[in-house]
$ cat coords36.cif   # mmCIF, C-alpha atoms and all ligand atoms
data_query
#
loop_
_atom_site.label_atom_id
_atom_site.label_comp_id
_atom_site.auth_asym_id
_atom_site.auth_seq_id
_atom_site.Cartn_x
_atom_site.Cartn_y
_atom_site.Cartn_z
CA MET J 618 9.38 -20.61 20.39
CA GLU J 619 12.22 -18.71 21.91
CA ASN J 620 14.90 -18.99 19.29
CA THR J 621 12.79 -18.71 16.17
CA PRO J 622 13.64 -15.38 14.57
CA GLN J 623 10.55 -13.29 14.00
CA LYS J 624 9.16 -13.34 10.50
CA ILE J 625 9.24 -10.11 8.57
CA CYS J 626 6.36 -8.21 6.98
CA PHE J 627 6.99 -5.30 4.61
CA SER J 628 4.74 -2.91 2.77
CA GLY J 629 4.71 0.64 1.50
CA ILE J 630 2.40 3.40 0.33
CA GLN J 631 3.28 6.34 -1.90
CA PRO J 632 2.97 9.81 -0.36
CA SER J 633 1.57 11.04 -3.64
CA GLY J 634 -1.95 12.16 -2.87
CA THR J 635 -5.10 11.66 -0.91
CA LEU J 636 -5.55 8.16 0.41
CA THR J 637 -8.98 6.71 -0.21
CA LEU J 638 -11.31 4.26 1.46
CA GLY J 639 -10.02 1.84 -1.19
CA ASN J 640 -6.46 2.18 0.12
CA TYR J 641 -7.75 1.66 3.64
CA ILE J 642 -9.79 -1.46 2.93
CA GLY J 643 -7.41 -2.89 0.33
CA ALA J 644 -4.13 -2.34 2.19
CA LEU J 645 -3.82 -0.15 5.27
CA ARG J 646 -6.35 -2.06 7.34
CA ASN J 647 -4.43 -5.29 6.71
CA PHE J 648 -1.17 -3.76 7.91
CA GLY J 649 -2.45 -3.64 11.47
CA LEU J 650 -3.41 -7.31 11.38
CA MET J 651 0.24 -8.24 10.97
CA GLN J 652 1.75 -6.43 13.91
CA ASP J 653 1.19 -9.19 16.46
CA SER J 654 2.78 -11.97 14.48
CA PHE J 655 5.51 -10.26 12.42
CA GLN J 656 8.24 -7.69 12.68
CA CYS J 657 6.62 -5.19 10.35
CA LEU J 658 8.19 -2.43 8.31
CA TYR J 659 5.84 0.12 6.77
CA CYS J 660 7.54 2.48 4.43
CA VAL J 661 6.58 5.87 3.04
CA VAL J 662 7.82 5.28 -0.50
CA ASP J 663 8.77 8.78 -1.59
CA MET J 664 11.29 7.47 -4.12
CA HIS J 665 8.47 5.72 -5.95
CA ALA J 666 6.38 8.88 -5.79
CA ILE J 667 8.84 10.92 -7.87
CA THR J 668 8.28 8.67 -10.90
CA VAL J 669 5.55 11.22 -11.58
CA ARG J 670 6.10 14.95 -11.02
CA GLN J 671 5.61 16.08 -7.43
CA ASP J 672 5.55 19.50 -5.89
CA PRO J 673 8.52 19.42 -3.46
CA ALA J 674 6.74 21.19 -0.58
CA ALA J 675 3.68 19.00 -0.95
CA LEU J 676 5.78 15.83 -1.10
CA ARG J 677 7.57 16.81 2.11
CA ARG J 678 4.27 17.51 3.87
CA ARG J 679 2.65 14.31 2.63
CA CYS J 680 5.53 12.26 3.97
CA LEU J 681 4.60 13.38 7.49
CA GLU J 682 0.89 13.06 6.74
CA LEU J 683 1.28 9.47 5.64
CA THR J 684 3.30 8.71 8.75
CA ALA J 685 0.45 10.19 10.79
CA THR J 686 -2.03 8.07 8.82
CA TYR J 687 -0.03 4.93 9.54
CA ILE J 688 -0.08 5.64 13.26
CA ALA J 689 -3.69 6.85 13.25
CA SER J 690 -4.84 3.67 11.57
CA GLY J 691 -3.49 1.67 14.46
CA LEU J 692 0.13 0.92 13.62
CA ASP J 693 2.22 1.12 16.76
CA PRO J 694 5.31 3.22 15.96
CA VAL J 695 7.40 1.38 18.53
CA ARG J 696 6.61 -2.20 17.60
CA ASN J 697 6.54 -1.47 13.86
CA ILE J 698 9.25 0.21 11.84
CA LEU J 699 7.52 3.19 10.22
CA TYR J 700 10.01 5.07 8.09
CA CYS J 701 10.69 6.98 4.94
CA GLN J 702 12.28 5.21 1.94
CA SER J 703 14.69 8.01 0.97
CA HIS J 704 16.16 7.97 4.50
CA VAL J 705 17.62 4.52 3.95
CA SER J 706 20.13 4.56 1.11
CA GLY J 707 20.10 0.78 0.81
CA HIS J 708 16.90 0.95 -1.25
CA ALA J 709 18.62 2.81 -4.07
CA GLU J 710 21.73 0.68 -3.84
CA LEU J 711 19.94 -2.63 -4.01
CA ALA J 712 17.61 -1.35 -6.72
CA TRP J 713 20.60 -0.64 -8.96
CA ILE J 714 22.01 -4.09 -8.41
CA LEU J 715 18.65 -5.77 -9.07
CA ASN J 716 18.24 -3.71 -12.24
CA CYS J 717 21.09 -5.78 -13.60
CA PHE J 718 19.16 -8.97 -12.83
CA THR J 719 15.86 -7.90 -14.39
CA TYR J 720 14.99 -8.15 -18.07
CA MET J 721 13.53 -5.39 -20.22
CA GLY J 722 10.84 -7.81 -21.40
CA GLU J 723 9.70 -8.44 -17.82
CA LEU J 724 9.30 -4.74 -17.16
CA GLN J 725 7.59 -4.11 -20.49
CA ARG J 726 4.86 -6.54 -19.50
CA MET J 727 3.91 -4.68 -16.32
CA THR J 728 0.35 -3.41 -16.63
CA GLN J 729 0.86 -0.54 -14.18
CA TYR J 730 3.72 0.72 -16.36
CA LYS J 731 1.54 0.59 -19.44
CA ASP J 732 -1.28 2.42 -17.62
CA LYS J 733 1.04 5.08 -16.29
CA CYS J 734 2.56 5.65 -19.72
CA ALA J 735 -0.91 6.25 -21.09
CA LYS J 736 -1.70 8.68 -18.25
CA HIS J 737 1.59 10.57 -18.18
CA ALA J 738 2.49 10.56 -21.85
CA ASP J 739 4.53 13.74 -21.42
CA ASN J 740 6.85 12.16 -18.82
CA ILE J 741 7.61 8.54 -19.59
CA ASN J 742 10.84 8.46 -17.60
CA ALA J 743 13.14 5.52 -16.91
CA GLY J 744 12.07 5.52 -13.25
CA LEU J 745 8.53 4.72 -14.27
CA PHE J 746 9.93 1.74 -16.16
CA THR J 747 12.18 0.42 -13.38
CA TYR J 748 9.66 1.20 -10.62
CA PRO J 749 8.99 -2.52 -9.98
CA VAL J 750 12.71 -3.14 -9.45
CA LEU J 751 12.81 -0.51 -6.70
CA MET J 752 9.78 -2.19 -5.18
CA ALA J 753 11.57 -5.55 -5.33
CA ALA J 754 14.55 -3.94 -3.61
CA ASP J 755 12.28 -2.56 -0.85
CA ILE J 756 10.98 -6.01 -0.09
CA LEU J 757 14.13 -8.10 -0.54
CA LEU J 758 16.32 -5.69 1.42
CA TYR J 759 14.55 -6.75 4.62
CA GLN J 760 14.16 -10.44 3.78
CA ALA J 761 10.39 -9.99 4.03
CA ASP J 762 8.32 -13.15 4.35
CA VAL J 763 4.97 -11.51 3.72
CA VAL J 764 3.84 -8.42 1.84
CA PRO J 765 0.29 -7.11 2.38
CA ILE J 766 -0.76 -5.36 -0.83
CA GLY J 767 -3.78 -4.49 -2.91
CA ALA J 768 -4.65 -6.73 -5.85
CA ASP J 769 -3.17 -4.17 -8.27
CA GLN J 770 0.33 -4.88 -6.92
CA LYS J 771 0.19 -8.62 -7.45
CA GLN J 772 2.11 -8.52 -10.71
CA HIS J 773 4.90 -6.50 -9.09
CA LEU J 774 5.17 -9.01 -6.28
CA GLU J 775 5.38 -11.88 -8.78
CA LEU J 776 8.28 -10.08 -10.43
CA THR J 777 9.93 -9.60 -7.03
CA ARG J 778 9.70 -13.34 -6.45
CA ASP J 779 11.17 -14.05 -9.89
CA ILE J 780 14.09 -11.69 -9.26
CA ALA J 781 14.74 -13.23 -5.83
CA GLN J 782 14.68 -16.74 -7.22
CA ARG J 783 16.93 -15.81 -10.12
CA PHE J 784 19.44 -14.20 -7.78
CA ASN J 785 19.32 -17.14 -5.38
CA ALA J 786 19.85 -19.60 -8.21
CA LEU J 787 23.05 -17.75 -9.12
CA PHE J 788 24.46 -16.98 -5.69
CA GLY J 789 22.90 -19.31 -3.13
CA ASP J 790 20.15 -18.48 -0.66
CA VAL J 791 20.55 -14.73 -0.36
CA PHE J 792 16.93 -13.55 -0.44
CA THR J 793 13.78 -14.76 1.24
CA VAL J 794 11.15 -15.29 -1.47
CA PRO J 795 8.14 -13.26 -0.24
CA GLU J 796 4.45 -14.17 -0.27
CA GLY J 797 1.65 -11.69 -0.90
CA TYR J 798 -1.17 -11.12 1.55
CA PHE J 799 -4.35 -9.84 -0.04
CA GLY J 800 -6.74 -9.83 2.90
CA LYS J 801 -10.41 -10.58 2.80
CA VAL J 802 -11.40 -11.69 -0.70
CA GLY J 803 -13.80 -9.36 -2.45
CA SER J 804 -12.75 -6.30 -0.51
CA ARG J 805 -11.96 -4.38 -3.66
CA VAL J 806 -13.63 -1.00 -3.40
CA MET J 807 -15.08 0.40 -6.60
CA SER J 808 -15.78 3.94 -7.80
CA LEU J 809 -19.00 5.42 -6.43
CA GLN J 810 -19.93 6.80 -9.84
CA GLU J 811 -18.65 4.02 -12.11
CA PRO J 812 -18.88 0.94 -9.91
CA THR J 813 -17.23 -1.33 -12.47
CA ARG J 814 -13.95 0.58 -12.03
CA LYS J 815 -11.64 0.61 -9.04
CA MET J 816 -12.00 3.52 -6.60
CA SER J 817 -9.09 5.80 -7.46
CA LYS J 818 -7.87 9.10 -6.13
CA SER J 819 -6.95 10.20 -9.65
CA ASP J 820 -10.62 10.20 -10.67
CA PRO J 821 -13.05 13.07 -9.93
CA GLU J 822 -13.76 13.85 -6.26
CA ASP J 823 -17.28 12.45 -6.09
CA THR J 824 -16.11 8.98 -7.14
CA TYR J 825 -14.03 8.27 -4.05
CA ILE J 826 -14.07 8.73 -0.29
CA ALA J 827 -10.89 10.25 1.06
CA LEU J 828 -9.70 8.99 4.44
CA LEU J 829 -9.97 12.51 5.79
CA ASP J 830 -13.39 13.39 4.32
CA PRO J 831 -15.64 14.82 7.05
CA PRO J 832 -18.91 12.99 7.85
CA ASP J 833 -21.19 15.30 5.85
CA VAL J 834 -19.04 14.85 2.74
CA ILE J 835 -19.03 11.07 3.20
CA ARG J 836 -22.83 11.08 3.55
CA ARG J 837 -23.26 13.25 0.47
CA LYS J 838 -20.91 11.19 -1.71
CA ILE J 839 -22.55 7.92 -0.72
CA ARG J 840 -26.04 9.33 -1.13
CA ARG J 841 -25.12 10.23 -4.71
CA ALA J 842 -23.47 6.89 -5.45
CA VAL J 843 -24.72 5.22 -8.62
CA THR J 844 -27.01 2.21 -8.04
CA ASP J 845 -29.54 0.87 -10.56
CA SER J 846 -33.20 1.21 -11.46
CA GLU J 847 -34.38 -1.81 -9.46
CA THR J 848 -35.18 -1.79 -5.77
CA ASP J 849 -34.02 -5.11 -4.35
CA ILE J 850 -30.86 -5.31 -2.29
CA ARG J 851 -28.85 -8.26 -3.49
CA PHE J 852 -25.12 -8.97 -3.77
CA ASP J 853 -24.56 -9.45 -7.48
CA PRO J 854 -21.44 -7.59 -8.69
CA VAL J 855 -22.09 -8.39 -12.36
CA ASN J 856 -25.68 -7.21 -12.63
CA LYS J 857 -25.78 -4.81 -9.69
CA PRO J 858 -22.28 -3.35 -9.38
CA GLY J 859 -23.31 -0.19 -7.52
CA VAL J 860 -25.43 -1.90 -4.88
CA SER J 861 -22.84 -4.66 -4.52
CA ASN J 862 -20.07 -2.13 -3.99
CA LEU J 863 -21.98 -0.54 -1.10
CA LEU J 864 -22.65 -3.99 0.36
CA SER J 865 -18.94 -4.82 0.06
CA ILE J 866 -18.02 -1.64 1.87
CA ILE J 867 -20.44 -2.48 4.70
CA ALA J 868 -19.10 -6.03 4.84
CA ALA J 869 -15.47 -4.93 4.86
CA LEU J 870 -16.05 -2.54 7.73
CA SER J 871 -18.26 -4.71 9.91
CA SER J 872 -18.03 -8.33 10.84
CA CYS J 873 -20.36 -9.76 8.21
CA ASP J 874 -20.06 -10.72 4.57
CA ALA J 875 -21.80 -8.96 1.70
CA GLU J 876 -24.59 -11.55 1.42
CA GLN J 877 -25.40 -11.21 5.11
CA ALA J 878 -25.44 -7.44 4.79
CA ALA J 879 -27.87 -7.79 1.87
CA GLN J 880 -30.09 -10.07 3.89
CA GLU J 881 -30.21 -7.65 6.79
CA LEU J 882 -31.20 -4.76 4.57
CA GLN J 883 -33.69 -6.77 2.51
CA GLY J 884 -36.72 -4.74 1.49
CA GLN J 885 -35.55 -1.53 3.11
CA GLY J 886 -34.68 0.34 -0.08
CA TYR J 887 -31.53 1.92 -1.45
CA GLY J 888 -31.86 4.96 0.80
CA LYS J 889 -31.42 2.77 3.84
CA LEU J 890 -28.56 0.84 2.20
CA LYS J 891 -26.72 4.09 1.59
CA GLU J 892 -27.37 5.32 5.10
CA ARG J 893 -25.97 2.10 6.52
CA ALA J 894 -22.88 2.27 4.28
CA ALA J 895 -22.25 5.89 5.24
CA GLU J 896 -22.58 5.06 8.94
CA CYS J 897 -20.07 2.22 8.66
CA VAL J 898 -17.57 4.43 6.87
CA ILE J 899 -17.99 7.36 9.27
CA GLU J 900 -17.71 5.12 12.32
CA THR J 901 -14.52 3.57 10.99
CA LEU J 902 -12.88 6.78 9.91
CA ALA J 903 -13.84 9.10 12.79
CA PRO J 904 -11.25 7.82 15.29
CA LEU J 905 -8.60 7.67 12.58
CA GLN J 906 -9.32 11.26 11.59
CA ALA J 907 -9.20 12.53 15.17
CA GLU J 908 -5.88 10.83 15.80
CA HIS J 909 -4.48 12.06 12.49
CA LYS J 910 -5.35 15.62 13.43
CA ARG J 911 -3.76 15.27 16.83
CA LEU J 912 -0.56 13.84 15.35
CA MET J 913 -0.24 16.49 12.65
CA ALA J 914 -0.20 19.10 15.37
CA ASP J 915 3.02 17.54 16.68
CA LYS J 916 5.40 17.43 13.73
CA ALA J 917 8.44 17.04 15.97
CA TYR J 918 7.02 13.78 17.25
CA LEU J 919 6.42 12.45 13.73
CA GLN J 920 9.91 13.50 12.65
CA GLY J 921 11.32 11.73 15.70
CA VAL J 922 9.49 8.53 14.77
CA LEU J 923 10.92 8.69 11.24
CA ASP J 924 14.46 9.46 12.42
CA GLU J 925 14.51 6.68 14.96
CA ASN J 926 13.00 4.12 12.62
CA ALA J 927 15.27 4.98 9.70
CA LYS J 928 18.15 3.90 11.92
CA ARG J 929 16.48 0.60 12.74
CA ALA J 930 15.65 -0.01 9.09
CA SER J 931 19.18 0.87 7.95
CA GLN J 932 20.69 -1.69 10.26
CA MET J 933 18.50 -4.42 8.84
CA ALA J 934 19.06 -3.23 5.27
CA ASN J 935 22.82 -3.15 5.63
CA ARG J 936 22.95 -6.77 6.65
CA THR J 937 21.36 -7.83 3.37
CA LEU J 938 23.27 -5.31 1.33
CA SER J 939 26.69 -6.43 2.61
CA LYS J 940 25.84 -10.00 1.79
CA VAL J 941 24.63 -9.11 -1.70
CA LYS J 942 27.73 -7.06 -2.45
CA ARG J 943 29.99 -9.85 -1.29
CA LYS J 944 28.14 -12.42 -3.38
CA ILE J 945 28.29 -10.44 -6.60
CA GLY J 946 31.97 -9.66 -6.15
CA PHE J 947 32.20 -6.01 -5.18
CA ALA J 948 35.69 -5.52 -3.77
CA ASP J 949 35.54 -5.65 0.01
CA TRP J 950 38.17 -6.33 2.61
CA GLY J 951 36.20 -5.37 5.66
CA ARG J 952 36.67 -1.67 4.97
CA LYS J 953 34.42 0.86 6.66
CA ALA J 954 32.18 2.73 4.28
N1 LIG S 1 3.96 0.05 -5.54
C1 LIG S 1 3.15 0.10 -4.37
C2 LIG S 1 1.84 0.81 -4.67
O1 LIG S 1 1.81 1.72 -5.47
C3 LIG S 1 3.85 0.79 -3.23
C4 LIG S 1 5.09 0.05 -2.84
C5 LIG S 1 6.37 0.43 -3.07
C6 LIG S 1 5.13 -1.17 -2.14
N2 LIG S 1 7.22 -0.46 -2.53
C7 LIG S 1 6.52 -1.47 -1.96
C8 LIG S 1 4.16 -2.05 -1.63
C9 LIG S 1 6.93 -2.63 -1.32
C10 LIG S 1 4.59 -3.21 -1.01
C11 LIG S 1 5.96 -3.50 -0.84
O2 LIG S 1 0.85 0.50 -4.04
#
$ encode --input "coords36.cif" --output "structure tokens" --more "lines below"
Ligand code: TRP
Amino acid sequence: MENTPQKICFSGIQPSGTLTLGNYIGALRNFGLMQDSFQCLYCVVDMHAITVRQDPAALRRRCLELTATYIASGLDPVRNILYCQSHVSGHAELAWILNCFTYMGELQRMTQYKDKCAKHADNINAGLFTYPVLMAADILLYQADVVPIGADQKQHLELTRDIAQRFNALFGDVFTVPEGYFGKVGSRVMSLQEPTRKMSKSDPEDTYIALLDPPDVIRRKIRRAVTDSETDIRFDPVNKPGVSNLLSIIAALSSCDAEQAAQELQGQGYGKLKERAAECVIETLAPLQAEHKRLMADKAYLQGVLDENAKRASQMANRTLSKVKRKIGFADWGRKA
């Protein structure tokens, strides 16, 4: 339909470390699915990243690396708005305003906050606490309709919806109330060594596959993945978490489900299962890795993408921000900032 404004999709990833196969299957891969039907914004959320200590040079480099990863994983930098959060001041401005519409009790209930406090006991800063409010600002600033995220971000999205609804109840329909998009069910990738826990880059190296791991490393890590003392290949996450995790990985990266994958590999032994899983991962990541390498050799191009897109994002952000400021009563008589 010609006059229907395009719906908006927003998501972000922190430039705070190695991305894993879990990030790819749980989030990144879904980003690309949106680009045909939505105006998508994919943000490098460096302001979220500084809630834990970052080395400045590394943070700067990882901002470009993540931009390269976005493009390398198939996100078109012309059709999508790929940009860096700190380049658009509206995020910080709206976050402050939304802080005043969020309750301490709501933030205290956030499980990620509680986890991070346990992990970074020496640096429990206020940013860690208000992190979900900044995330709400990211999303609401662009009037996003849909937000592709991993399951671990569901609670933050619920809070975003609550804040939006609260604000709308006070001031009229200012914000679009966003929906989450969680992708294929059961595509949660678990640790290779402790398959009952989520694959996480903050765990030891042999527990996760990094997006940029070379093929021999991928093969080695999967070969050493924990399975069990039986021999039959069956999808049963409760009793066979290791085997089921490998089946899930195969399923997520090929066009079958985990049960079908199990059926296909029936009777062939765990060695074969691991080989198949490694092949799937290598085949998926090889083109991404090649493109990433090519892009990182052209920093000026990546910087150009970020510059250009920060302008596009700012324009969209300012529309919401002006409206919000007017609604809450900030003095304004059409002055130029
Ligand atoms: N908190 C998210 C994570 O750690 C990253 C994020 C920040 C995000 N802002 C967002 C995701 C807005 C979706 C939408 O994964």
$ closest_residue --input "coords36.cif" --among "J:Val941, J:Leu774, J:Leu864, J:Ala735" --to "J:Leu751" --atoms "all atoms listed in the file"
J:Leu774
$ atom_distance --input "coords36.cif" --atom1 "atom CA of J:Ser931" --atom2 "atom CA of J:Ser706"
7.8 Å
$ residues_around --input "coords36.cif" --residues "stretch 790-798 of chain J" --least-positions-apart "6" --cutoff "6 Å" --atoms "only C-alpha atoms" --output "JSON, numbers by chain"
{"J": [760, 761, 762, 763, 764, 765, 778, 781]}
$ write_last_selection --input "coords36.cif" --atoms "C-alpha atoms" --output "PDB file, in the frame of the given file"
ATOM      1  CA  GLN J 760      14.160 -10.440   3.780  1.00  0.00           C
ATOM      2  CA  ALA J 761      10.390  -9.990   4.030  1.00  0.00           C
ATOM      3  CA  ASP J 762       8.320 -13.150   4.350  1.00  0.00           C
ATOM      4  CA  VAL J 763       4.970 -11.510   3.720  1.00  0.00           C
ATOM      5  CA  VAL J 764       3.840  -8.420   1.840  1.00  0.00           C
ATOM      6  CA  PRO J 765       0.290  -7.110   2.380  1.00  0.00           C
ATOM      7  CA  ARG J 778       9.700 -13.340  -6.450  1.00  0.00           C
ATOM      8  CA  ALA J 781      14.740 -13.230  -5.830  1.00  0.00           C
TER       9      ALA J 781
END
$ axis_aligned_box --input "coords36.cif" --around "ligand LIG 1 (chain S)" --padding-each-side "4 Å" --output "AutoDock Vina command-line options"
--center_x 4.0 --center_y -0.9 --center_z -3.2 --size_x 14.4 --size_y 13.2 --size_z 12.7
$ closest_residue --input "coords36.cif" --among "J:Asn742, J:Thr635, J:Thr719, J:Gln770" --to "ligand LIG 1 (chain S)" --atoms "only C-alpha atoms and all ligand atoms"
J:Gln770
$ residues_around --input "coords36.cif" --residues "stretch 918-927 of chain J" --least-positions-apart "6" --cutoff "7 Å" --atoms "all atoms listed in the file" --output "list of chain:residue names"
J:Leu681, J:Thr684, J:Pro694, J:Ile698, J:Leu699, J:Tyr700, J:Cys701, J:His704, J:Val705
$ residues_around --input "coords36.cif" --residues "J:Gly859" --least-positions-apart "4" --cutoff "10 Å" --atoms "only C-alpha atoms" --output "list in words"
Met807, Ser808, Leu809, Gln810, Glu811, Pro812, Thr813, Ala842, Val843, Thr844, Asp845, Phe852, Asp853, Pro854, Val855, Leu863, Leu864 and Ser865 of chain J
$ write_last_selection --input "coords36.cif" --atoms "C-alpha atoms" --output "mmCIF file, in the frame of the given file"
data_model
loop_
_atom_site.group_PDB
_atom_site.id
_atom_site.type_symbol
_atom_site.label_atom_id
_atom_site.label_comp_id
_atom_site.auth_asym_id
_atom_site.auth_seq_id
_atom_site.Cartn_x
_atom_site.Cartn_y
_atom_site.Cartn_z
ATOM 1 C CA MET J 807 -15.080 0.400 -6.600
ATOM 2 C CA SER J 808 -15.780 3.940 -7.800
ATOM 3 C CA LEU J 809 -19.000 5.420 -6.430
ATOM 4 C CA GLN J 810 -19.930 6.800 -9.840
ATOM 5 C CA GLU J 811 -18.650 4.020 -12.110
ATOM 6 C CA PRO J 812 -18.880 0.940 -9.910
ATOM 7 C CA THR J 813 -17.230 -1.330 -12.470
ATOM 8 C CA ALA J 842 -23.470 6.890 -5.450
ATOM 9 C CA VAL J 843 -24.720 5.220 -8.620
ATOM 10 C CA THR J 844 -27.010 2.210 -8.040
ATOM 11 C CA ASP J 845 -29.540 0.870 -10.560
ATOM 12 C CA PHE J 852 -25.120 -8.970 -3.770
ATOM 13 C CA ASP J 853 -24.560 -9.450 -7.480
ATOM 14 C CA PRO J 854 -21.440 -7.590 -8.690
ATOM 15 C CA VAL J 855 -22.090 -8.390 -12.360
ATOM 16 C CA LEU J 863 -21.980 -0.540 -1.100
ATOM 17 C CA LEU J 864 -22.650 -3.990 0.360
ATOM 18 C CA SER J 865 -18.940 -4.820 0.060
#
$ closest_atom_pairs --input "coords36.cif" --of "chain J" --to "ligand LIG 1 (chain S)" --cutoff "9 Å" --atoms "only C-alpha atoms and all ligand atoms" --output "JSON lines"
{"residue": "J:Phe627", "atom": "CA", "partner": "S:LIG1", "partner_atom": "C11", "distance": 5.8}
{"residue": "J:Ser628", "atom": "CA", "partner": "S:LIG1", "partner_atom": "C10", "distance": 3.8}
{"residue": "J:Gly629", "atom": "CA", "partner": "S:LIG1", "partner_atom": "C6", "distance": 4.1}
{"residue": "J:Ile630", "atom": "CA", "partner": "S:LIG1", "partner_atom": "C3", "distance": 4.6}
{"residue": "J:Gln631", "atom": "CA", "partner": "S:LIG1", "partner_atom": "C3", "distance": 5.7}
{"residue": "J:Asn640", "atom": "CA", "partner": "S:LIG1", "partner_atom": "O2", "distance": 8.6}
{"residue": "J:Ala644", "atom": "CA", "partner": "S:LIG1", "partner_atom": "O2", "distance": 8.5}
{"residue": "J:Tyr659", "atom": "CA", "partner": "S:LIG1", "partner_atom": "C11", "distance": 8.4}
{"residue": "J:Cys660", "atom": "CA", "partner": "S:LIG1", "partner_atom": "N2", "distance": 7.6}
{"residue": "J:Val661", "atom": "CA", "partner": "S:LIG1", "partner_atom": "C5", "distance": 8.2}
{"residue": "J:Val662", "atom": "CA", "partner": "S:LIG1", "partner_atom": "C5", "distance": 5.7}
{"residue": "J:Asp663", "atom": "CA", "partner": "S:LIG1", "partner_atom": "C5", "distance": 8.8}
{"residue": "J:Met664", "atom": "CA", "partner": "S:LIG1", "partner_atom": "C5", "distance": 8.7}
{"residue": "J:His665", "atom": "CA", "partner": "S:LIG1", "partner_atom": "C5", "distance": 6.4}
{"residue": "J:Ala666", "atom": "CA", "partner": "S:LIG1", "partner_atom": "O1", "distance": 8.5}
{"residue": "J:Gln702", "atom": "CA", "partner": "S:LIG1", "partner_atom": "N2", "distance": 8.8}
{"residue": "J:Tyr748", "atom": "CA", "partner": "S:LIG1", "partner_atom": "N1", "distance": 7.7}
{"residue": "J:Pro749", "atom": "CA", "partner": "S:LIG1", "partner_atom": "N1", "distance": 7.2}
{"residue": "J:Leu751", "atom": "CA", "partner": "S:LIG1", "partner_atom": "N2", "distance": 7.0}
{"residue": "J:Met752", "atom": "CA", "partner": "S:LIG1", "partner_atom": "N2", "distance": 4.1}
{"residue": "J:Ala753", "atom": "CA", "partner": "S:LIG1", "partner_atom": "C9", "distance": 6.8}
{"residue": "J:Ala754", "atom": "CA", "partner": "S:LIG1", "partner_atom": "C9", "distance": 8.1}
{"residue": "J:Asp755", "atom": "CA", "partner": "S:LIG1", "partner_atom": "C9", "distance": 5.4}
{"residue": "J:Ile756", "atom": "CA", "partner": "S:LIG1", "partner_atom": "C9", "distance": 5.4}
{"residue": "J:Val764", "atom": "CA", "partner": "S:LIG1", "partner_atom": "C10", "distance": 6.0}
{"residue": "J:Pro765", "atom": "CA", "partner": "S:LIG1", "partner_atom": "C10", "distance": 6.7}
{"residue": "J:Ile766", "atom": "CA", "partner": "S:LIG1", "partner_atom": "C10", "distance": 5.8}
{"residue": "J:Gly767", "atom": "CA", "partner": "S:LIG1", "partner_atom": "O2", "distance": 6.9}
{"residue": "J:Asp769", "atom": "CA", "partner": "S:LIG1", "partner_atom": "O2", "distance": 7.5}
{"residue": "J:Gln770", "atom": "CA", "partner": "S:LIG1", "partner_atom": "O2", "distance": 6.1}
{"residue": "J:His773", "atom": "CA", "partner": "S:LIG1", "partner_atom": "N1", "distance": 7.5}
{"residue": "J:Leu774", "atom": "CA", "partner": "S:LIG1", "partner_atom": "C11", "distance": 7.8}
{"residue": "J:Gly797", "atom": "CA", "partner": "S:LIG1", "partner_atom": "C10", "distance": 9.0}
$ closest_residue --input "coords36.cif" --among "J:Trp713, J:Phe655, J:Phe746, J:Tyr641" --to "J:Tyr687" --atoms "only C-alpha atoms"
J:Tyr641
$ closest_residue --input "coords36.cif" --among "J:Met651, J:Leu692, J:Ala895, J:Leu882" --to "J:Leu870" --atoms "all atoms listed in the file"
J:Ala895
$ residues_around --input "coords36.cif" --residues "J:Ala675" --least-positions-apart "4" --cutoff "10 Å" --atoms "only C-alpha atoms" --output "CSV table (one decimal) with C-alpha atoms, keeping the file's coordinate frame"
chain,number,residue,atom,x,y,z
J,632,PRO,CA,3.0,9.8,-0.4
J,633,SER,CA,1.6,11.0,-3.6
J,634,GLY,CA,-2.0,12.2,-2.9
J,671,GLN,CA,5.6,16.1,-7.4
J,679,ARG,CA,2.6,14.3,2.6
J,680,CYS,CA,5.5,12.3,4.0
$ closest_residue --input "coords36.cif" --among "J:Pro673, J:Glu892, J:Ala903, J:Tyr887" --to "J:Glu847" --atoms "all atoms listed in the file"
J:Tyr887
$ residues_near_point --input "coords36.cif" --point "(-24.5, 10.9, 2.9)" --cutoff "12 Å" --atoms "all atoms listed in the file" --output "NGL selection string"
:J and (823 or 826 or 830-842 or 888-899)
$ atom_distance --input "coords36.cif" --atom1 "atom CA of J:Ala827" --atom2 "atom CA of J:Leu636"
5.8 Å
$ closest_residue --input "coords36.cif" --among "J:Leu787, J:Leu658, J:Pro904, J:Thr637" --to "J:Lys624" --atoms "all atoms listed in the file"
J:Leu658
$ atom_distance --input "coords36.cif" --atom1 "atom CA of J:Ala712" --atom2 "atom CA of J:Ala674"
25.8 Å
$ residues_around --input "coords36.cif" --residues "J:Ser654" --least-positions-apart "6" --cutoff "10 Å" --atoms "only C-alpha atoms" --output "number ranges by chain"
J: 623-626
